[in-house]
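A.B. asks: Next comes the structure file data.txt, holding compact mmCIF, C-alpha atoms.
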# COMPACT_ATOMS: atom_id res chain seq x y z
CA MET A 154 -18.84 -28.50 4.04
CA PRO A 155 -20.02 -26.68 0.91
CA ASN A 156 -21.87 -28.99 -1.47
CA GLY A 157 -21.10 -31.98 0.75
CA ILE A 158 -17.34 -31.89 -0.07
CA PRO A 159 -15.01 -31.57 2.93
CA ARG A 160 -12.99 -28.34 2.90
CA ALA A 161 -9.59 -30.12 3.06
CA GLN A 162 -10.52 -32.19 0.02
CA THR A 163 -11.49 -29.06 -1.92
CA PHE A 164 -8.14 -27.41 -1.13
CA SER A 165 -6.31 -30.60 -2.09
CA LYS A 166 -7.95 -30.54 -5.51
CA ILE A 167 -7.12 -26.86 -6.03
CA PHE A 168 -3.47 -27.29 -5.03
CA ALA A 169 -3.12 -30.40 -7.15
CA ILE A 170 -3.87 -28.25 -10.21
CA ILE A 171 -1.58 -25.33 -9.31
CA ASP A 172 2.18 -25.53 -9.79
CA PRO A 173 3.63 -25.16 -6.24
CA GLU A 174 6.60 -23.05 -7.36
CA LEU A 175 4.36 -20.66 -9.30
CA PHE A 176 1.98 -20.41 -6.34
CA GLN A 177 4.86 -19.72 -3.95
CA LYS A 178 6.23 -17.01 -6.24
CA ALA A 179 2.81 -15.33 -6.48
CA ILE A 180 2.36 -15.35 -2.70
CA ARG A 181 5.84 -13.92 -2.09
CA GLN A 182 5.31 -11.23 -4.72
CA HIS A 183 2.00 -10.23 -3.14
CA TRP A 184 3.49 -9.93 0.34
CA SER A 185 6.53 -8.10 -0.99
CA ILE A 186 4.26 -5.41 -2.45
CA GLU A 187 2.20 -5.28 0.76
CA ASN A 188 5.27 -4.97 2.97
CA GLN A 189 6.89 -2.30 0.79
CA CYS A 190 3.75 -0.17 0.75
CA HIS A 191 3.21 -0.56 4.48
CA TRP A 192 6.84 0.29 5.24
CA VAL A 193 6.74 3.45 3.12
CA LEU A 194 3.45 4.58 4.65
CA ASP A 195 4.80 3.95 8.14
CA THR A 196 8.10 5.77 7.61
CA CYS A 197 6.68 8.67 5.61
CA PHE A 198 3.36 9.17 7.42
CA ARG A 199 3.92 7.31 10.72
CA GLU A 200 0.75 5.36 9.95
CA ASP A 201 1.28 2.85 12.76
CA HIS A 202 1.12 5.65 15.34
CA ASN A 203 -2.19 6.96 14.09
CA GLN A 204 -5.02 6.39 16.56
CA THR A 205 -7.94 7.71 14.52
CA CYS A 206 -10.95 5.54 15.19
CA LYS A 207 -14.08 7.62 14.53
CA PHE A 208 -16.44 6.14 11.97
CA ASN A 209 -14.64 5.94 8.60
CA ALA A 210 -11.91 8.46 9.46
CA ALA A 211 -9.07 5.91 9.62
CA LYS A 212 -10.03 4.44 6.25
CA ASN A 213 -10.38 7.92 4.71
CA LEU A 214 -7.00 9.02 6.06
CA GLY A 215 -5.41 5.85 4.69
CA THR A 216 -6.86 6.60 1.26
CA VAL A 217 -5.61 10.19 1.35
CA ARG A 218 -2.14 9.00 2.42
CA ARG A 219 -1.98 6.58 -0.51
CA ILE A 220 -3.06 9.32 -2.92
CA VAL A 221 -0.38 11.68 -1.54
CA LEU A 222 2.20 8.90 -1.69
CA ASN A 223 1.40 8.28 -5.38
CA ILE A 224 1.58 12.02 -6.16
CA LEU A 225 4.96 12.31 -4.43
CA LYS A 226 6.30 9.24 -6.27
CA GLU A 227 5.17 10.62 -9.65
CA ASP A 228 7.06 13.91 -9.26
CA PRO A 229 10.19 13.66 -11.45
CA GLY A 230 11.52 17.15 -10.73
CA VAL A 231 12.75 16.84 -7.16
CA LYS A 232 15.42 14.52 -5.86
CA GLY A 233 15.23 13.23 -2.33
CA SER A 234 13.35 10.82 -0.16
CA LEU A 235 9.59 10.80 0.17
CA PRO A 236 9.67 12.38 3.66
CA VAL A 237 11.85 15.19 2.25
CA ARG A 238 9.42 15.73 -0.62
CA ARG A 239 6.50 15.69 1.79
CA ARG A 240 8.18 18.29 4.01
CA ARG A 241 9.00 20.42 0.99
CA ALA A 242 5.36 20.30 -0.13
CA LEU A 243 4.37 21.42 3.37
CA MET A 244 6.77 24.37 3.43
CA ASN A 245 6.85 25.47 -0.23
CA ARG A 246 3.54 26.68 -1.65
CA THR A 247 4.67 26.72 -5.31
CA TYR A 248 5.99 23.15 -5.05
CA ARG A 249 2.72 22.01 -3.44
CA GLU A 250 0.66 23.72 -6.17
CA ARG A 251 2.82 22.11 -8.86
CA LEU A 252 2.30 18.68 -7.27
CA LEU A 253 -1.46 19.15 -7.11
CA SER A 254 -1.62 20.26 -10.74
CA LEU A 255 0.00 17.03 -12.06
Hey, can you dump this file as structure tokens for me?

C.D. replies:
Amino acid sequence: MPNGIPRAQTFSKIFAIIDPELFQKAIRQHWSIENQCHWVLDTCFREDHNQTCKFNAAKNLGTVRRIVLNILKEDPGVKGSLPVRRRRALMNRTYRERLLSL
């Protein structure tokens, strides 16, 4: 009970101010973005199968994956899926250097 006001009463006041349809749309939009990002990371980098658990390694790898994902998405020159682009960057040194110089 912050400030002597019951929690349920506080939420009731907040939701009385907010338009329910607008709130529902915002929540769905947030989860849509979350699910899309997670799906791409899982299919492209197999993030769900990663078992890194030392110190901050998992968090650092997640950050690097997101950076790589953004670099691959920004490349206008190559057609193909993100896993194809990732594989091409692995195998083709000039392509990888071009990506990193964006």

A.B. asks: At what distance in Å, to one decimal, does CA of Leu235 (chain A) lie from CA of Cys197 (chain A)?

C.D. replies: 6.5 Å

A.B. asks: Just give me the gap between CA of Phe198 (chain A) and CA of Ile224 (chain A) in Å, one decimal is fine.

C.D. replies: 14.0 Å

A.B. asks: Measure the distance from CA of Lys212 (chain A) to CA of Ser234 (chain A) in Å and round it to one decimal.

C.D. replies: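 Going from CA of Lys212 (chain A) over to CA of Ser234 (chain A), I get 25.1 Å.
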
A.B. asks: Just the residues within 12 Å of Val231 (chain A), please, counting only C-alpha atoms, with nothing from its chain fewer than 6 positions along; format it as a ChimeraX atom specification.

C.D. replies: /A:225,237-239,241-242,248-249,251-252

A.B. asks: Using only C-alpha atoms, which of the listed residues (A:Val221, A:Ala210, A:Leu253, A:Leu175) sits closest to Val193 (chain A)?

C.D. replies: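 For Val193 (chain A), the nearest of the given residues is A:Val221.
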